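Please read the structure below before turning to the comments.
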Amino acid sequence: MDSLKEYYKSLGVDEKVYNFSKKIEEGLSDRFQKFDQIAEFNQLKVLKAMQTHKIAEAHLSGTTGYGYNDIGREAIEAVYADVFHTEDALVRPQITCGTHALGLALSANLRPGDEILAISGKPYDTLEEVIGIRPSKGSLAEYGITYAQVDLLSDGSFDYEGIKKAANEHTKLIHIQRSKGYATRPTLSVDQIGQAIAFVKKLNPNWIVMVDNCYGEFVETKEPSDVGADMVVGSLIKNPGGGLAPIGGYICGKHDLIEQCAYRLTTPGLGKEVGATLGVNRQFIQGLFMAPTVVNAALKGAVFAANLYENLGFKVVPDGREERHDIIQAVELKDPKKLIAFCEGIQKASPVDSYVTPEPWDMPGYDSDVIMAAGTFVSGASIELSADGPMKEPYAVYFQGGLTYPHAKYGIVMSLQRMVEKGLLEI
């Protein structure tokens, strides 16, 4: 495949970087085959749900104005509930992002005097202001909703004794974050989450268990809703949107909880009955159909990145051999210059804005400057090729996405190429 090497060279990759990367990839065929099997299972699951609910061309159109009688919107929510094996679902373009979906689920189902107990440690940075860990206008803390936290143990497992001690008469909702966020802890498997849910439900079966499912959908053959979660929450510009959804979020779970979410999203008395879809039904449905194979591509890219950077001596989480439970690959670069160079390489490999140079900036919702590389068709879509990280120790970069594996692979190779070019790394 000399012609392939020549194409890489024409795209800015030198022969030494190409040969090193090719050698890494050659040892991954068994891992990739396993991912293909998971993708096949999930593809059939999604297809079956669409056939069960008789998705038709009429469902692909949208509505305007109030959005009354939007049969496409209703069908999409029925399909999501089926795929996630829940009683109901709220899937809307009016949910602007994953943080919005999580904030909506919390504010809809908590009342003054209730307490959130986060049992997987501190949640993702953008939730801190939602909850009120960092003061912000309109936070849950301003409405008298309190927060408690139990960190994971040093091995990444749940601290069951700590959970038992932290729970009290005000505990109402248990928060579990499946993915690592801007931390270098292991991502939680669905089985681990199921064991934790079983434990807290024994303590109090009335507690609501909400799982932040971002970056985890379709990575395994099960979802947290299959192991007892009362609500699973995520973003459509991540895994389940398949790279086609231009906006949106979802909440799947018990009917009474979803009803509360709908009333909070729109207004009491209207709930799920309103909310025009403005022509996005086609992208929502087709994106969900594509999601299992898109996630498969992202997983292959993540494993390739893990093995490549591990072989260069960096700490990677998860490591090159561990089972995968989300699409995110963390690499501890230990150097701000390397973090910036990595993101520059990802940006250069993008189909959109490849000529742009990313720079750290004071991004809303974060406690430090953040650098982000994302030359994406949907702005900021992290199921597409992207990488980002906070400009603070340990200067870890978080790589995710890739609508196709060849593109994900090229992005990772370019991240290495950029560091070599800048004299930050030798191979």
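FYI, nothing fancy with the structure tokens labels: chains A, B, ... in order, residues from 1 per chain, ligands from 1 as they appear.
DSSP secondary structure from the backbone places A:Trp361, A:Val370, A:Ile371, A:Met372, A:Ala373 of region 341-379 of chain A in strand (DSSP E or B).
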Margin query: What's around Ile176 (chain A) at 9 Å? Count only C-alpha atoms, leave out sequence neighbours fewer than 5 positions away in its own chain, and write the answer as a PyMOL selection string.
Written below: chain A and resi 117-121+123+193+209-213
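Neighbours of Ile197 (chain A) closer than or equal to 9 Å, with only C-alpha atoms counted and sequence neighbours fewer than 5 positions away skipped, come out as A:Ile174, A:Gln192, A:Lys202, A:Val209, A:Val227, A:Gly228, A:Ala229.
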Check: For Asp230 (chain A), which of A:Phe41, A:Trp207, A:Tyr7, A:Tyr182 is the closest residue, counting only C-alpha atoms?
Finding: A:Trp207
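All residues of protein, DNA or RNA that reach within 6 Å of region 374-386 of chain A, judged by only C-alpha atoms and not counting those fewer than 2 positions away in the chain, are Ile237, Lys238, Asn239, Pro246, Gln347, Ser350, Val352, Asp353, Gln400, Gly401, Gly402 and Leu403 of chain A.
The residue that comes closest to Gly72 (chain A), out of A:Val280, A:Ala330, A:Ile427, A:Ile38 and on the basis of only C-alpha atoms, is A:Val280.
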Next item on the list: Write out as a PyMOL selection string which residues come within 9 Å of Ala349 (chain A) when counting only C-alpha atoms, dropping same-chain ones fewer than 5 positions away.
Entry: chain A and resi 11+344+354+375+385+407-408+410-415
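All residues of protein, DNA or RNA that reach within 9 Å of Ser154 (chain A), judged by only C-alpha atoms and not counting those fewer than 3 positions away in the chain, are Asp151, Ser157 and Arg185 of chain A.
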Margin query: List as a ChimeraX atom specification the protein and nucleic acid residues near Glu161 (chain A), meaning an atom at most 12 Å away when only C-alpha atoms are counted, but skip any in the same chain fewer than 3 places from it.
Written below: /A:119,150-153,157-158,164-167,196,199-200,203
Using only N, CA and C atoms, please write the residues we just selected to a file, as an mmCIF file, in the first residue's frame.
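Output file result_31.cif follows:
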data_model
loop_
_atom_site.group_PDB
_atom_site.id
_atom_site.type_symbol
_atom_site.label_atom_id
_atom_site.label_comp_id
_atom_site.auth_asym_id
_atom_site.auth_seq_id
_atom_site.Cartn_x
_atom_site.Cartn_y
_atom_site.Cartn_z
ATOM 1 N N ILE A 119 -22.303 9.828 43.752
ATOM 2 C CA ILE A 119 -21.538 8.700 44.306
ATOM 3 C C ILE A 119 -20.368 8.287 43.409
ATOM 4 N N VAL A 150 -19.579 11.533 47.303
ATOM 5 C CA VAL A 150 -18.726 10.427 47.749
ATOM 6 C C VAL A 150 -17.787 10.111 46.591
ATOM 7 N N ASP A 151 -16.495 10.232 46.833
ATOM 8 C CA ASP A 151 -15.522 9.952 45.785
ATOM 9 C C ASP A 151 -15.376 8.453 45.567
ATOM 10 N N LEU A 152 -14.959 8.096 44.372
ATOM 11 C CA LEU A 152 -14.626 6.706 44.102
ATOM 12 C C LEU A 152 -13.370 6.328 44.884
ATOM 13 N N LEU A 153 -13.195 5.045 45.128
ATOM 14 C CA LEU A 153 -11.989 4.572 45.787
ATOM 15 C C LEU A 153 -10.799 4.682 44.838
ATOM 16 N N SER A 157 -13.414 2.061 42.004
ATOM 17 C CA SER A 157 -14.675 1.399 42.363
ATOM 18 C C SER A 157 -15.483 2.275 43.310
ATOM 19 N N PHE A 158 -16.750 1.943 43.480
ATOM 20 C CA PHE A 158 -17.631 2.708 44.357
ATOM 21 C C PHE A 158 -17.282 2.476 45.825
ATOM 22 N N LYS A 164 -23.110 4.811 52.238
ATOM 23 C CA LYS A 164 -24.030 4.539 53.358
ATOM 24 C C LYS A 164 -23.941 5.638 54.410
ATOM 25 N N LYS A 165 -22.723 6.117 54.673
ATOM 26 C CA LYS A 165 -22.537 7.163 55.676
ATOM 27 C C LYS A 165 -23.058 8.516 55.208
ATOM 28 N N ALA A 166 -22.907 8.800 53.912
ATOM 29 C CA ALA A 166 -23.285 10.119 53.385
ATOM 30 C C ALA A 166 -24.787 10.275 53.199
ATOM 31 N N ALA A 167 -25.488 9.184 52.988
ATOM 32 C CA ALA A 167 -26.938 9.254 52.775
ATOM 33 C C ALA A 167 -27.646 9.699 54.056
ATOM 34 N N ALA A 196 -23.898 -0.733 41.842
ATOM 35 C CA ALA A 196 -24.094 0.432 42.705
ATOM 36 C C ALA A 196 -25.573 0.763 42.850
ATOM 37 N N PHE A 199 -27.197 -1.555 45.248
ATOM 38 C CA PHE A 199 -26.827 -1.216 46.627
ATOM 39 C C PHE A 199 -27.663 -0.054 47.145
ATOM 40 N N VAL A 200 -27.766 1.038 46.382
ATOM 41 C CA VAL A 200 -28.500 2.199 46.893
ATOM 42 C C VAL A 200 -29.999 1.929 46.957
ATOM 43 N N LEU A 203 -30.759 0.477 50.188
ATOM 44 C CA LEU A 203 -30.800 1.489 51.250
ATOM 45 C C LEU A 203 -32.119 2.237 51.235
#
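Here the question is which of A:Arg321, A:Phe314, A:Pro364, A:Thr221 gets nearest to Asp30 (chain A) using only C-alpha atoms, and that residue is A:Arg321.
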Check: Which of these, A:Tyr143, A:Tyr80, A:Phe342, A:Tyr395, has the shortest distance to Val420 (chain A) once you count only C-alpha atoms?
Finding: A:Phe342
Next item on the list: From region 219-335 of chain A, collect each residue whose DSSP state is alpha helix (DSSP H) and return the set as a VMD selection string.
Entry: chain A and resid 255 to 265 281 to 311
Using N, CA and C atoms, can you write the selected residues to a file as a short mmCIF file (atom, residue, chain, number, x, y, z; two decimals), in the first residue's frame?
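Result went into result_35.cif, see below:
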data_model
loop_
_atom_site.label_atom_id
_atom_site.label_comp_id
_atom_site.auth_asym_id
_atom_site.auth_seq_id
_atom_site.Cartn_x
_atom_site.Cartn_y
_atom_site.Cartn_z
N HIS A 255 -41.87 6.87 33.59
CA HIS A 255 -42.85 7.81 33.02
C HIS A 255 -43.06 9.04 33.88
N ASP A 256 -43.20 8.87 35.20
CA ASP A 256 -43.49 10.03 36.06
C ASP A 256 -42.32 11.01 36.08
N LEU A 257 -41.09 10.51 36.01
CA LEU A 257 -39.91 11.38 36.00
C LEU A 257 -39.79 12.14 34.68
N ILE A 258 -40.07 11.45 33.58
CA ILE A 258 -40.01 12.09 32.27
C ILE A 258 -41.11 13.14 32.14
N GLU A 259 -42.26 12.85 32.69
CA GLU A 259 -43.35 13.83 32.67
C GLU A 259 -42.95 15.12 33.39
N GLN A 260 -42.29 14.97 34.53
CA GLN A 260 -41.79 16.14 35.25
C GLN A 260 -40.79 16.92 34.40
N CYS A 261 -39.93 16.20 33.71
CA CYS A 261 -38.94 16.86 32.85
C CYS A 261 -39.62 17.64 31.73
N ALA A 262 -40.67 17.05 31.14
CA ALA A 262 -41.38 17.73 30.06
C ALA A 262 -42.05 19.00 30.56
N TYR A 263 -42.62 18.97 31.75
CA TYR A 263 -43.26 20.16 32.31
C TYR A 263 -42.22 21.25 32.60
N ARG A 264 -41.03 20.86 33.00
CA ARG A 264 -40.00 21.85 33.27
C ARG A 264 -39.42 22.40 31.96
N LEU A 265 -39.29 21.54 30.95
CA LEU A 265 -38.74 22.00 29.67
C LEU A 265 -39.67 23.02 29.01
N ASN A 281 -36.35 16.09 12.54
CA ASN A 281 -36.73 14.69 12.78
C ASN A 281 -35.92 13.72 11.94
N ARG A 282 -35.69 14.08 10.70
CA ARG A 282 -34.92 13.19 9.82
C ARG A 282 -33.52 12.94 10.38
N GLN A 283 -32.84 14.03 10.80
CA GLN A 283 -31.49 13.87 11.34
C GLN A 283 -31.50 13.09 12.65
N PHE A 284 -32.51 13.30 13.49
CA PHE A 284 -32.60 12.56 14.75
C PHE A 284 -32.76 11.07 14.50
N ILE A 285 -33.67 10.72 13.58
CA ILE A 285 -33.94 9.31 13.33
C ILE A 285 -32.77 8.65 12.60
N GLN A 286 -32.29 9.29 11.55
CA GLN A 286 -31.19 8.70 10.80
C GLN A 286 -29.91 8.68 11.63
N GLY A 287 -29.70 9.72 12.45
CA GLY A 287 -28.53 9.74 13.32
C GLY A 287 -28.54 8.59 14.31
N LEU A 288 -29.69 8.32 14.91
CA LEU A 288 -29.79 7.18 15.83
C LEU A 288 -29.52 5.87 15.10
N PHE A 289 -30.02 5.76 13.87
CA PHE A 289 -29.77 4.56 13.08
C PHE A 289 -28.27 4.36 12.83
N MET A 290 -27.56 5.46 12.57
CA MET A 290 -26.13 5.39 12.28
C MET A 290 -25.27 5.24 13.53
N ALA A 291 -25.83 5.58 14.70
CA ALA A 291 -25.03 5.70 15.92
C ALA A 291 -24.18 4.47 16.27
N PRO A 292 -24.71 3.25 16.20
CA PRO A 292 -23.87 2.10 16.59
C PRO A 292 -22.58 1.99 15.77
N THR A 293 -22.65 2.25 14.46
CA THR A 293 -21.44 2.13 13.64
C THR A 293 -20.52 3.33 13.80
N VAL A 294 -21.10 4.50 14.06
CA VAL A 294 -20.28 5.68 14.31
C VAL A 294 -19.52 5.52 15.63
N VAL A 295 -20.20 5.02 16.65
CA VAL A 295 -19.55 4.75 17.94
C VAL A 295 -18.45 3.70 17.77
N ASN A 296 -18.70 2.72 16.93
CA ASN A 296 -17.70 1.70 16.65
C ASN A 296 -16.43 2.33 16.08
N ALA A 297 -16.59 3.26 15.15
CA ALA A 297 -15.43 3.96 14.57
C ALA A 297 -14.68 4.74 15.64
N ALA A 298 -15.43 5.43 16.50
CA ALA A 298 -14.81 6.21 17.56
C ALA A 298 -14.05 5.33 18.54
N LEU A 299 -14.58 4.16 18.85
CA LEU A 299 -13.92 3.23 19.76
C LEU A 299 -12.60 2.73 19.17
N LYS A 300 -12.60 2.42 17.89
CA LYS A 300 -11.38 1.98 17.25
C LYS A 300 -10.32 3.08 17.28
N GLY A 301 -10.75 4.30 17.03
CA GLY A 301 -9.82 5.43 17.12
C GLY A 301 -9.25 5.60 18.50
N ALA A 302 -10.10 5.44 19.52
CA ALA A 302 -9.65 5.59 20.91
C ALA A 302 -8.62 4.52 21.28
N VAL A 303 -8.85 3.29 20.87
CA VAL A 303 -7.92 2.20 21.19
C VAL A 303 -6.61 2.38 20.43
N PHE A 304 -6.69 2.84 19.19
CA PHE A 304 -5.48 3.14 18.44
C PHE A 304 -4.67 4.23 19.14
N ALA A 305 -5.35 5.29 19.59
CA ALA A 305 -4.67 6.39 20.31
C ALA A 305 -4.03 5.89 21.60
N ALA A 306 -4.76 5.05 22.35
CA ALA A 306 -4.24 4.53 23.61
C ALA A 306 -2.95 3.75 23.39
N ASN A 307 -2.96 2.88 22.41
CA ASN A 307 -1.79 2.05 22.16
C ASN A 307 -0.62 2.86 21.61
N LEU A 308 -0.91 3.82 20.75
CA LEU A 308 0.15 4.63 20.18
C LEU A 308 0.86 5.44 21.25
N TYR A 309 0.08 6.15 22.08
CA TYR A 309 0.71 7.02 23.08
C TYR A 309 1.27 6.24 24.27
N GLU A 310 0.70 5.09 24.55
CA GLU A 310 1.27 4.23 25.59
C GLU A 310 2.65 3.73 25.17
N ASN A 311 2.78 3.40 23.90
CA ASN A 311 4.07 2.95 23.39
C ASN A 311 5.12 4.06 23.38
#
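Distances to Leu416 (chain A) were evaluated for A:Lys137, A:Lys16, A:Arg324, A:His59 using only C-alpha atoms, and the minimum falls at A:Lys16.
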